[in-house]
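Notes for the one structure printed next.
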Amino acid sequence: MDSSSSSSAAGLGAVDPQLQHFIEVETQKQRFQQLVHQMTELCWEKCMDKPGPKLDSRAEACFVNCVERFIDTSQFILNRLEQTQKSKPVFSESLSD
Amino acid sequence: MEGGFGSDFGGSGSGKLDPGLIMEQVKVQIAVANAQELLQRMTDKCFRKCIGKPGGSLDNSEQSRAEPCAPPLPQKCIAMCMDRYMDAWNTVSRAYNSRLQRERANM
């Protein structure tokens, strides 16, 4: 199936594969960037008391730990939600309760 | 001639889209958006750290009482805060990247 020749077609099924790949890569990059923004903001509150002339080693270690714990928290939440969903669905498919 | 971002997406009026040019323009827009995001959060944090009761000018604004150890001069405080925020951002970026690579290696 050659979709590159129909890149000028309006349909979504006829997207240039080069562009498609580009979109996927950039979306991934943006997800990363957004999380960095979010974690920097959160960890700043936890790790930074007084902005000094440079980032001291204690603060730096705090930021690294903060990132790791944030990811751990995120994974924990996903896993637990998946488990509790199996036994007691929170987001019920039937709306006729 | 390509004007601003809204005018020409590499079509040059011929009706045919150039993917290469679109990609370049999108990359620039993404970079600008990220810079704006960084600036917005940095401004928020450094304002909180450095400015207590806002005075008639930056010089006349009180040092933040919640941050007793912040430098007395707001400008100096803001300048240092900006640099530290960038340091923090880079540290977080590196740490997150390492974690992602570790996760991929474990799969």
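Going by the structure tokens order, chains are called A, B, ..., each with residues numbered from 1, while ligands are numbered from 1 in the order shown.
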| query | Which chain A residues are at most 6 Å from chain B (counting only C-alpha atoms), as a PyMOL selection string? | reply | chain A and resi 36+40+50-51+64
